[in-house]
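J.: What follows is structure.cif, made up of mmCIF, C-alpha atoms:
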```cif
data_query
loop_
_atom_site.group_PDB
_atom_site.id
_atom_site.type_symbol
_atom_site.label_atom_id
_atom_site.label_comp_id
_atom_site.auth_asym_id
_atom_site.auth_seq_id
_atom_site.Cartn_x
_atom_site.Cartn_y
_atom_site.Cartn_z
ATOM 1 C CA MET A 106 102.263 87.081 54.096
ATOM 2 C CA LYS A 107 102.977 86.494 57.757
ATOM 3 C CA PRO A 108 106.413 85.071 58.588
ATOM 4 C CA ASP A 109 104.846 81.951 60.156
ATOM 5 C CA ALA A 110 103.004 80.982 56.992
ATOM 6 C CA THR A 111 104.130 79.551 53.672
ATOM 7 C CA ARG A 112 102.295 79.361 50.362
ATOM 8 C CA ARG A 113 101.710 76.019 48.682
ATOM 9 C CA SER A 114 99.645 74.905 45.719
ATOM 10 C CA ALA A 115 96.562 74.023 47.794
ATOM 11 C CA GLY A 116 96.626 77.313 49.757
ATOM 12 C CA TRP A 117 97.983 78.456 53.075
ATOM 13 C CA THR A 118 99.762 76.192 55.533
ATOM 14 C CA LEU A 119 100.395 77.678 58.996
ATOM 15 C CA HIS A 120 103.370 76.611 61.059
ATOM 16 C CA THR A 121 102.120 77.919 64.407
ATOM 17 C CA PRO A 122 101.248 75.124 66.840
ATOM 18 C CA ALA A 123 97.618 74.709 67.838
ATOM 19 C CA GLY A 124 96.534 76.649 70.916
ATOM 20 C CA ARG A 125 95.603 75.273 74.318
ATOM 21 C CA PHE A 126 92.206 74.743 75.911
ATOM 22 C CA GLY A 127 92.411 75.050 79.656
ATOM 23 C CA PRO A 128 90.227 75.882 82.672
ATOM 24 C CA ALA A 129 89.928 79.576 81.795
ATOM 25 C CA GLU A 130 88.647 78.755 78.304
ATOM 26 C CA LEU A 131 86.216 76.233 79.748
ATOM 27 C CA ARG A 132 84.779 78.753 82.215
ATOM 28 C CA LEU A 133 84.341 81.269 79.415
ATOM 29 C CA ALA A 134 82.638 78.707 77.167
ATOM 30 C CA LEU A 135 80.100 77.821 79.877
ATOM 31 C CA ALA A 136 79.396 81.421 80.955
ATOM 32 C CA ALA A 137 76.249 82.140 78.917
ATOM 33 C CA PRO A 138 73.825 83.694 79.446
ATOM 34 C CA ARG A 139 76.021 85.737 81.807
ATOM 35 C CA SER A 140 78.228 88.392 80.218
ATOM 36 C CA ALA A 141 81.887 87.418 80.001
ATOM 37 C CA ALA A 142 84.961 88.698 78.128
ATOM 38 C CA GLY A 143 82.824 91.274 76.342
ATOM 39 C CA LEU A 144 80.311 88.689 75.081
ATOM 40 C CA THR A 145 76.614 88.969 75.908
ATOM 41 C CA SER A 146 73.530 86.836 75.256
ATOM 42 C CA GLU A 147 70.278 87.864 73.636
ATOM 43 C CA TRP A 148 67.216 86.193 72.159
ATOM 44 C CA ARG A 149 65.150 87.160 69.121
ATOM 45 C CA LEU A 150 62.114 85.558 67.576
ATOM 46 C CA VAL A 151 63.172 84.107 64.217
ATOM 47 C CA ASP A 152 60.619 82.187 62.157
ATOM 48 C CA GLY A 153 58.576 81.665 65.305
ATOM 49 C CA LEU A 154 61.500 80.261 67.360
ATOM 50 C CA ARG A 155 63.184 82.066 70.248
ATOM 51 C CA THR A 156 66.768 82.012 69.006
ATOM 52 C CA HIS A 157 69.763 82.640 71.251
ATOM 53 C CA THR A 158 72.819 84.550 70.064
ATOM 54 C CA ARG A 159 76.107 85.150 71.814
ATOM 55 C CA ARG A 160 77.629 88.353 70.498
ATOM 56 C CA GLY A 161 80.478 90.796 70.987
ATOM 57 C CA ALA A 162 80.350 94.571 71.010
ATOM 58 C CA ASP A 163 80.986 96.427 67.764
ATOM 59 C CA PRO A 164 84.680 97.400 67.908
ATOM 60 C CA GLY A 165 84.024 100.417 65.682
ATOM 61 C CA THR A 166 86.559 99.410 63.048
ATOM 62 C CA GLY A 167 84.080 99.377 60.154
ATOM 63 C CA ALA A 168 85.027 95.763 59.467
ATOM 64 C CA PRO A 169 82.323 93.365 58.267
ATOM 65 C CA PRO A 170 80.512 91.236 60.845
ATOM 66 C CA VAL A 171 81.576 87.635 61.341
ATOM 67 C CA VAL A 172 78.902 85.018 62.047
ATOM 68 C CA LEU A 173 80.069 81.718 63.563
ATOM 69 C CA VAL A 174 77.922 78.607 62.992
ATOM 70 C CA HIS A 175 78.411 75.652 65.319
ATOM 71 C CA GLY A 176 78.480 71.984 64.405
ATOM 72 C CA LEU A 177 76.573 68.827 65.254
ATOM 73 C CA ALA A 178 75.657 68.158 68.906
ATOM 74 C CA VAL A 179 77.256 71.377 70.134
ATOM 75 C CA SER A 180 76.457 75.110 70.369
ATOM 76 C CA HIS A 181 77.901 78.600 70.644
ATOM 77 C CA ARG A 182 79.910 77.384 73.647
ATOM 78 C CA TYR A 183 82.844 75.783 71.854
ATOM 79 C CA LEU A 184 83.120 78.783 69.499
ATOM 80 C CA THR A 185 83.513 81.250 72.376
ATOM 81 C CA ALA A 186 87.318 81.383 72.252
ATOM 82 C CA LEU A 187 87.214 82.137 68.526
ATOM 83 C CA ALA A 188 84.578 84.849 69.077
ATOM 84 C CA VAL A 189 86.829 86.497 71.667
ATOM 85 C CA ALA A 190 89.813 86.282 69.295
ATOM 86 C CA LEU A 191 87.854 88.011 66.508
ATOM 87 C CA ALA A 192 86.056 90.605 68.662
ATOM 88 C CA PRO A 193 88.826 93.271 68.730
ATOM 89 C CA THR A 194 88.528 93.797 64.984
ATOM 90 C CA HIS A 195 85.071 92.535 63.936
ATOM 91 C CA PRO A 196 81.502 92.504 65.219
ATOM 92 C CA VAL A 197 80.983 88.817 66.100
ATOM 93 C CA TYR A 198 77.721 86.875 66.339
ATOM 94 C CA VAL A 199 77.373 83.237 67.405
ATOM 95 C CA PRO A 200 73.761 82.019 67.040
ATOM 96 C CA ASP A 201 72.562 78.713 68.438
ATOM 97 C CA LEU A 202 70.815 76.738 65.712
ATOM 98 C CA PRO A 203 67.210 75.637 66.426
ATOM 99 C CA GLY A 204 67.158 72.947 69.099
ATOM 100 C CA PHE A 205 70.752 73.524 70.216
ATOM 101 C CA GLY A 206 72.407 75.500 72.980
ATOM 102 C CA LEU A 207 70.035 78.054 74.466
ATOM 103 C CA SER A 208 67.727 78.322 71.444
ATOM 104 C CA GLU A 209 64.152 77.056 71.493
ATOM 105 C CA HIS A 210 63.501 73.469 70.418
ATOM 106 C CA PRO A 211 61.451 73.032 67.257
ATOM 107 C CA ARG A 212 59.142 70.026 67.081
ATOM 108 C CA GLY A 213 61.552 67.959 64.961
ATOM 109 C CA ALA A 214 65.214 68.015 63.986
ATOM 110 C CA TYR A 215 66.009 70.407 61.142
ATOM 111 C CA ASP A 216 67.956 69.186 58.123
ATOM 112 C CA VAL A 217 70.721 71.219 56.482
ATOM 113 C CA SER A 218 68.347 73.156 54.245
ATOM 114 C CA ALA A 219 66.002 74.079 57.109
ATOM 115 C CA HIS A 220 68.919 75.238 59.265
ATOM 116 C CA ALA A 221 70.265 77.335 56.373
ATOM 117 C CA GLU A 222 66.894 78.986 55.819
ATOM 118 C CA HIS A 223 66.545 79.677 59.543
ATOM 119 C CA LEU A 224 69.993 81.263 59.514
ATOM 120 C CA ALA A 225 69.018 83.381 56.492
ATOM 121 C CA ALA A 226 65.951 84.565 58.438
ATOM 122 C CA TRP A 227 68.218 85.243 61.435
ATOM 123 C CA LEU A 228 70.460 87.452 59.248
ATOM 124 C CA ALA A 229 67.391 89.338 58.056
ATOM 125 C CA ALA A 230 66.160 89.782 61.637
ATOM 126 C CA TYR A 231 69.487 91.358 62.603
ATOM 127 C CA ARG A 232 69.557 93.460 59.409
ATOM 128 C CA LEU A 233 73.218 92.679 58.907
ATOM 129 C CA PRO A 234 75.154 93.688 55.816
ATOM 130 C CA PRO A 235 76.828 90.861 53.898
ATOM 131 C CA VAL A 236 78.759 88.872 56.499
ATOM 132 C CA CYS A 237 81.787 86.668 56.756
ATOM 133 C CA LEU A 238 80.136 83.347 57.502
ATOM 134 C CA LEU A 239 82.200 80.700 59.295
ATOM 135 C CA GLY A 240 80.743 77.236 59.755
ATOM 136 C CA HIS A 241 82.454 74.388 61.540
ATOM 137 C CA SER A 242 81.809 70.695 60.854
ATOM 138 C CA PHE A 243 78.018 70.306 60.341
ATOM 139 C CA GLY A 244 77.873 74.092 60.584
ATOM 140 C CA ALA A 245 80.022 74.238 57.442
ATOM 141 C CA GLU A 246 77.287 72.292 55.630
ATOM 142 C CA VAL A 247 74.741 74.869 56.789
ATOM 143 C CA ALA A 248 77.036 77.751 55.839
ATOM 144 C CA ALA A 249 77.717 76.305 52.373
ATOM 145 C CA ALA A 250 73.992 75.880 51.723
ATOM 146 C CA LEU A 251 73.278 79.443 52.804
ATOM 147 C CA ALA A 252 76.128 80.855 50.703
ATOM 148 C CA ALA A 253 74.962 78.894 47.654
ATOM 149 C CA ASN A 254 71.287 79.849 47.996
ATOM 150 C CA HIS A 255 71.650 83.398 49.369
ATOM 151 C CA PRO A 256 74.868 84.730 47.805
ATOM 152 C CA ASP A 257 73.989 88.375 48.476
ATOM 153 C CA ALA A 258 74.022 87.704 52.234
ATOM 154 C CA VAL A 259 77.570 86.314 52.323
ATOM 155 C CA ARG A 260 80.619 88.521 51.834
ATOM 156 C CA ALA A 261 83.099 85.719 52.501
ATOM 157 C CA LEU A 262 82.881 82.085 53.568
ATOM 158 C CA VAL A 263 85.045 80.031 55.929
ATOM 159 C CA LEU A 264 84.496 76.266 56.021
ATOM 160 C CA ALA A 265 86.249 74.828 59.071
ATOM 161 C CA GLY A 266 86.478 71.041 59.201
ATOM 162 C CA PRO A 267 83.589 70.640 56.713
ATOM 163 C CA THR A 268 81.607 67.410 56.875
ATOM 164 C CA SER A 269 81.073 64.956 55.536
ATOM 165 C CA ASP A 270 83.719 63.121 53.578
ATOM 166 C CA PRO A 271 81.942 61.227 50.760
ATOM 167 C CA SER A 272 84.171 58.207 51.434
ATOM 168 C CA ALA A 273 82.706 57.923 54.955
ATOM 169 C CA ARG A 274 79.173 59.178 54.489
ATOM 170 C CA SER A 275 77.343 56.980 56.982
ATOM 171 C CA ARG A 276 76.425 57.267 60.646
ATOM 172 C CA THR A 277 78.730 54.397 61.563
ATOM 173 C CA ALA A 278 81.708 55.844 59.722
ATOM 174 C CA GLN A 279 81.212 59.337 61.106
ATOM 175 C CA VAL A 280 80.820 58.126 64.690
ATOM 176 C CA GLY A 281 83.942 55.980 64.267
ATOM 177 C CA ARG A 282 85.969 58.944 63.067
ATOM 178 C CA TRP A 283 84.585 61.106 65.878
ATOM 179 C CA LEU A 284 85.679 58.530 68.460
ATOM 180 C CA VAL A 285 89.211 58.638 67.045
ATOM 181 C CA ASP A 286 89.085 62.429 67.195
ATOM 182 C CA CYS A 287 88.120 62.323 70.879
ATOM 183 C CA LEU A 288 91.516 60.799 71.597
ATOM 184 C CA ARG A 289 93.221 63.750 69.884
ATOM 185 C CA GLU A 290 91.260 66.602 71.460
ATOM 186 C CA ALA A 291 91.978 68.607 74.608
ATOM 187 C CA PRO A 292 90.158 66.702 77.402
ATOM 188 C CA LEU A 293 88.588 69.815 78.959
ATOM 189 C CA GLN A 294 86.297 70.139 75.938
ATOM 190 C CA ALA A 295 84.288 67.175 77.288
ATOM 191 C CA PRO A 296 82.149 69.221 79.733
ATOM 192 C CA ILE A 297 81.067 71.460 76.855
ATOM 193 C CA LEU A 298 79.972 68.474 74.789
ATOM 194 C CA ALA A 299 78.093 66.994 77.743
ATOM 195 C CA ARG A 300 76.220 70.259 78.381
ATOM 196 C CA ASP A 301 75.400 70.692 74.697
ATOM 197 C CA VAL A 302 74.131 67.139 74.186
ATOM 198 C CA TRP A 303 71.963 67.532 77.288
ATOM 199 C CA ASN A 304 70.508 70.801 75.929
ATOM 200 C CA ALA A 305 69.840 69.347 72.480
ATOM 201 C CA ARG A 306 68.799 65.848 73.656
ATOM 202 C CA PRO A 307 70.478 62.721 72.217
ATOM 203 C CA TRP A 308 67.613 61.960 69.827
ATOM 204 C CA ARG A 309 68.077 65.346 68.130
ATOM 205 C CA VAL A 310 71.804 64.779 67.817
ATOM 206 C CA TYR A 311 71.197 61.372 66.217
ATOM 207 C CA ALA A 312 68.537 62.744 63.855
ATOM 208 C CA THR A 313 70.804 65.646 62.822
ATOM 209 C CA LEU A 314 73.651 63.217 62.161
ATOM 210 C CA THR A 315 71.283 61.317 59.874
ATOM 211 C CA HIS A 316 70.510 64.544 57.997
ATOM 212 C CA SER A 317 74.225 65.296 57.731
ATOM 213 C CA VAL A 318 75.196 61.986 56.130
ATOM 214 C CA HIS A 319 72.334 62.383 53.644
ATOM 215 C CA ASN A 320 73.543 65.853 52.645
ATOM 216 C CA ALA A 321 75.926 66.037 49.680
ATOM 217 C CA ILE A 322 77.792 69.232 50.559
ATOM 218 C CA GLU A 323 79.688 69.120 47.278
ATOM 219 C CA THR A 324 76.511 70.131 45.394
ATOM 220 C CA ASP A 325 76.540 73.397 47.360
ATOM 221 C CA LEU A 326 80.309 73.934 47.266
ATOM 222 C CA VAL A 327 80.397 74.154 43.481
ATOM 223 C CA ARG A 328 77.737 76.915 43.604
ATOM 224 C CA VAL A 329 79.543 79.148 46.103
ATOM 225 C CA THR A 330 80.607 82.497 44.625
ATOM 226 C CA ALA A 331 81.967 84.240 47.747
ATOM 227 C CA PRO A 332 85.710 84.313 48.484
ATOM 228 C CA THR A 333 86.220 81.123 50.472
ATOM 229 C CA LEU A 334 88.688 79.600 52.884
ATOM 230 C CA VAL A 335 88.764 75.956 53.977
ATOM 231 C CA VAL A 336 90.351 75.438 57.421
ATOM 232 C CA ALA A 337 91.249 72.067 58.900
ATOM 233 C CA GLY A 338 93.384 70.623 61.651
ATOM 234 C CA GLU A 339 96.395 68.637 60.519
ATOM 235 C CA ARG A 340 95.381 65.739 62.811
ATOM 236 C CA ASP A 341 91.658 65.810 61.999
ATOM 237 C CA PRO A 342 90.399 62.239 61.385
ATOM 238 C CA VAL A 343 86.888 63.462 60.552
ATOM 239 C CA VAL A 344 88.193 65.622 57.699
ATOM 240 C CA PRO A 345 91.306 63.813 56.400
ATOM 241 C CA ALA A 346 93.683 65.389 53.902
ATOM 242 C CA PRO A 347 92.111 64.010 50.680
ATOM 243 C CA TRP A 348 88.658 65.349 51.601
ATOM 244 C CA ARG A 349 89.845 68.756 52.848
ATOM 245 C CA ASP A 350 91.826 69.182 49.599
ATOM 246 C CA GLU A 351 88.805 68.139 47.536
ATOM 247 C CA ALA A 352 86.502 70.523 49.422
ATOM 248 C CA ALA A 353 88.867 73.409 48.681
ATOM 249 C CA ARG A 354 89.094 72.365 45.032
ATOM 250 C CA LEU A 355 85.326 72.264 44.583
ATOM 251 C CA VAL A 356 84.847 75.925 45.551
ATOM 252 C CA PRO A 357 86.112 78.229 42.791
ATOM 253 C CA ASP A 358 89.361 79.959 43.868
ATOM 254 C CA ALA A 359 89.187 78.739 47.480
ATOM 255 C CA ASP A 360 92.253 78.735 49.724
ATOM 256 C CA LEU A 361 93.176 76.085 52.270
ATOM 257 C CA VAL A 362 94.615 76.549 55.762
ATOM 258 C CA VAL A 363 95.979 73.527 57.631
ATOM 259 C CA VAL A 364 96.748 74.109 61.320
ATOM 260 C CA PRO A 365 99.529 71.833 62.612
ATOM 261 C CA GLY A 366 98.764 69.955 65.809
ATOM 262 C CA ALA A 367 95.018 70.620 65.697
ATOM 263 C CA ALA A 368 92.373 67.933 65.361
ATOM 264 C CA HIS A 369 88.729 68.347 64.319
ATOM 265 C CA ASN A 370 87.875 71.117 66.787
ATOM 266 C CA VAL A 371 90.411 73.489 65.271
ATOM 267 C CA VAL A 372 88.129 76.468 66.007
ATOM 268 C CA THR A 373 88.291 75.637 69.734
ATOM 269 C CA THR A 374 91.930 74.695 70.235
ATOM 270 C CA ALA A 375 93.493 77.082 67.679
ATOM 271 C CA PRO A 376 91.279 80.199 67.821
ATOM 272 C CA THR A 377 94.108 82.666 67.230
ATOM 273 C CA GLN A 378 95.283 80.880 64.090
ATOM 274 C CA VAL A 379 91.739 80.625 62.722
ATOM 275 C CA ALA A 380 90.998 84.286 63.546
ATOM 276 C CA ASP A 381 94.181 85.379 61.766
ATOM 277 C CA ALA A 382 93.219 83.315 58.718
ATOM 278 C CA CYS A 383 89.789 84.984 58.676
ATOM 279 C CA ARG A 384 91.387 88.426 58.808
ATOM 280 C CA ARG A 385 93.630 87.584 55.867
ATOM 281 C CA LEU A 386 90.604 86.422 53.890
ATOM 282 C CA LEU A 387 88.831 89.701 54.640
ATOM 283 C CA ALA A 388 91.831 91.906 53.804
ATOM 284 C CA PRO A 389 90.651 94.356 51.132
ATOM 285 C CA HIS A 390 90.870 93.095 47.602
ATOM 286 C CA PRO A 391 88.641 93.678 44.538
ATOM 287 C CA ALA A 392 86.449 90.609 44.996
ATOM 288 C CA LEU A 393 85.375 91.829 48.438
ATOM 289 C CA LEU A 394 85.274 95.568 47.685
ATOM 290 C CA ASP A 395 82.687 94.927 44.961
ATOM 291 C CA ARG A 396 80.298 93.098 47.312
#
```
How does the structure come out when it is put into structure tokens?
T.:
Amino acid sequence: MKPDATRRSAGWTLHTPAGRFGPAELRLALAAPRSAAGLTSEWRLVDGLRTHTRRGADPGTGAPPVVLVHGLAVSHRYLTALAVALAPTHPVYVPDLPGFGLSEHPRGAYDVSAHAEHLAAWLAAYRLPPVCLLGHSFGAEVAAALAANHPDAVRALVLAGPTSDPSARSRTAQVGRWLVDCLREAPLQAPILARDVWNARPWRVYATLTHSVHNAIETDLVRVTAPTLVVAGERDPVVPAPWRDEAARLVPDADLVVVPGAAHNVVTTAPTQVADACRRLLAPHPALLDR
């Protein structure tokens, strides 16, 4: 155990403050498709859609690949700092879901199941071995569905700020919580959100929100068999303490990491803490060696 972490009944609690998000991180997030910090962009045809992926070079460590799945209204951009934090030890891939970021727009807005199946096809296109799959917010819903329906593709699962809390499962409630979260986030994240909403188009964001609040993630969580970690910011109003604890309880033998000082976008403002938690999850133990 690291000296800055303590064990409690619900899992791990870190005592390192959340990281910053400044001009350098913003420039890096908005760099694609240009190469930056060892990350490059590429496109592959997946299920008939030209799908963009931001990826790092293989560090040659033999460690399993980590695939980062973005949330609602956003893209690979706000996961860039986390990708850079993981890249020294793991091959990292950050695909843009259909209709988001730099990926092609499908005719309609995909629901959770359609996104999960597209991501499964993306994994097959890249011929990756079982991966560590990290999904944030709506991306955690997609990741949970993929892990439940394609267990052989997922070596380990990280659910960061998983939506949506059953006690606030409506568009109005989720937007209200998001507005509170905006007051707790680093302000320089706003240009990323503006670019991503423009790329996706507001109607797609609204339609995907509708799919999210109609998706009962708990029905997938109870079917997950991969070693799992739930990560949440201590100040996250979208994923409050009762729901983050319940999400961790629903997955058999899941651990919980709470990052002090972080709000909903814990993967953006605390990339080092989240990367360290992922590495601990992937540290060799029998459940992973058998996969």
J.: For each of A:Glu147, A:Glu246, A:Asp381, A:Asp270, take the minimum atom-to-atom distance to Asp325 in chain A, counting all atoms listed in the file, then give the residue where this is smallest.
T.: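 Residue with the minimum atom-to-atom distance to Asp325 in chain A: A:Glu246.
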J.: When distances are computed from all atoms listed in the file, which of A:Leu207, A:Val285, A:Ala248, A:Val336 shows the smallest separation from Ala136 in chain A?
T.: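 Among A:Leu207, A:Val285, A:Ala248, A:Val336, it is A:Leu207 that comes nearest to Ala136 in chain A.
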J.: Which neighbours of Trp348 in chain A fall inside 10 Å, counting only C-alpha atoms, when residues of the same chain fewer than 6 positions from it are skipped, and could you give them as a PDB file with C-alpha atoms, keeping the file's coordinate frame?
T.:
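Wrote it out as around_39.pdb, contents follow:
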```pdb
ATOM      1  CA  GLY A 266      86.478  71.041  59.201  1.00  0.00           C
ATOM      2  CA  PRO A 267      83.589  70.640  56.713  1.00  0.00           C
ATOM      3  CA  THR A 268      81.607  67.410  56.875  1.00  0.00           C
ATOM      4  CA  SER A 269      81.073  64.956  55.536  1.00  0.00           C
ATOM      5  CA  ASP A 270      83.719  63.121  53.578  1.00  0.00           C
ATOM      6  CA  PRO A 271      81.942  61.227  50.760  1.00  0.00           C
ATOM      7  CA  SER A 272      84.171  58.207  51.434  1.00  0.00           C
ATOM      8  CA  ARG A 354      89.094  72.365  45.032  1.00  0.00           C
TER       9      ARG A 354
END
```
J.: Pick out the residues sitting within 9 Å of Leu154 in chain A, and hand them over as JSON, numbers by chain; count only C-alpha atoms, and ignore anything fewer than 4 positions along from it in its own chain.
T.: {"A": [149, 150, 203, 208, 209, 210, 211]}
J.: Between A:Leu355, A:Leu284, A:Val172, A:Leu184, which is the closest to Val327 in chain A once you count only C-alpha atoms?
T.: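 For Val327 in chain A, the nearest of the candidates is A:Leu355.
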J.: For this file, the PyMOL selection byres ((chain A and resi 189) around 9) selects which residues, as a list in words?
T.: Ala142, Gly143, Leu144, Gly161, Leu184, Thr185, Ala186, Leu187, Ala188, Ala190, Leu191, Ala192, Pro193, Val197 and Pro376 of chain A
J.: Can you pull out every residue within 10 Å of Val335 in chain A, counting all atoms listed in the file, but drop anything in the same chain fewer than 6 positions away, and send it as a CSV table (one decimal) with C-alpha atoms, in the frame of the given file?
T.:
```csv
chain,number,residue,atom,x,y,z
A,116,GLY,CA,96.6,77.3,49.8
A,117,TRP,CA,98.0,78.5,53.1
A,239,LEU,CA,82.2,80.7,59.3
A,240,GLY,CA,80.7,77.2,59.8
A,241,HIS,CA,82.5,74.4,61.5
A,245,ALA,CA,80.0,74.2,57.4
A,262,LEU,CA,82.9,82.1,53.6
A,263,VAL,CA,85.0,80.0,55.9
A,264,LEU,CA,84.5,76.3,56.0
A,265,ALA,CA,86.2,74.8,59.1
A,266,GLY,CA,86.5,71.0,59.2
A,267,PRO,CA,83.6,70.6,56.7
A,349,ARG,CA,89.8,68.8,52.8
A,350,ASP,CA,91.8,69.2,49.6
A,352,ALA,CA,86.5,70.5,49.4
A,353,ALA,CA,88.9,73.4,48.7
A,354,ARG,CA,89.1,72.4,45.0
A,356,VAL,CA,84.8,75.9,45.6
A,359,ALA,CA,89.2,78.7,47.5
A,360,ASP,CA,92.3,78.7,49.7
A,361,LEU,CA,93.2,76.1,52.3
A,362,VAL,CA,94.6,76.5,55.8
A,363,VAL,CA,96.0,73.5,57.6
A,382,ALA,CA,93.2,83.3,58.7
```
J.: Give as a PyMOL selection string the residues that the PyMOL selection byres ((chain A and resi 199) around 9) matches when applied to the coordinates above.
T.: chain A and resi 157-161+171-175+180-182+184-185+188+197-198+200-201
J.: So, counting all atoms listed in the file, which residue among A:His316, A:Arg212, A:Arg384, A:Arg125 is closest to Ala367 in chain A?
T.: A:Arg125
J.: Pick out the residues sitting within 12 Å of Ala226 in chain A, and hand them over as number ranges by chain; count all atoms listed in the file, and ignore anything fewer than 2 positions along from it in its own chain.
T.: A: 149-154, 156, 200, 202, 219-224, 228-233, 251, 255, 258
J.: Using CA of Val302 in chain A and CA of Thr145 in chain A as the two end points, give the distance in Å to one decimal.
T.: 22.0 Å
J.: On this structure, which residues satisfy the PyMOL selection byres ((chain A and resi 169) around 12), written as an MDAnalysis selection string?
T.: chainID A and resid 163:168 170:172 191:192 194:198 233:238 258:261 383:384 386:389 393:394 396
J.: To one decimal place in Å, what is the distance between CA of Val371 in chain A and CA of Pro256 in chain A?
T.: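 Straight-line distance from CA of Val371 in chain A to CA of Pro256 in chain A works out to 25.9 Å.
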J.: Which one is closest to Leu133 in chain A: A:Ala321, A:Ile297, A:Val310, A:Val329? Count only C-alpha atoms.
T.: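 Smallest separation from Leu133 in chain A among the options: A:Ile297.
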J.: Grab the CA of Glu339 in chain A to CA of Asp286 in chain A distance for me, in Å with one decimal place.
T.: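 Separation between CA of Glu339 in chain A and CA of Asp286 in chain A: 11.7 Å.
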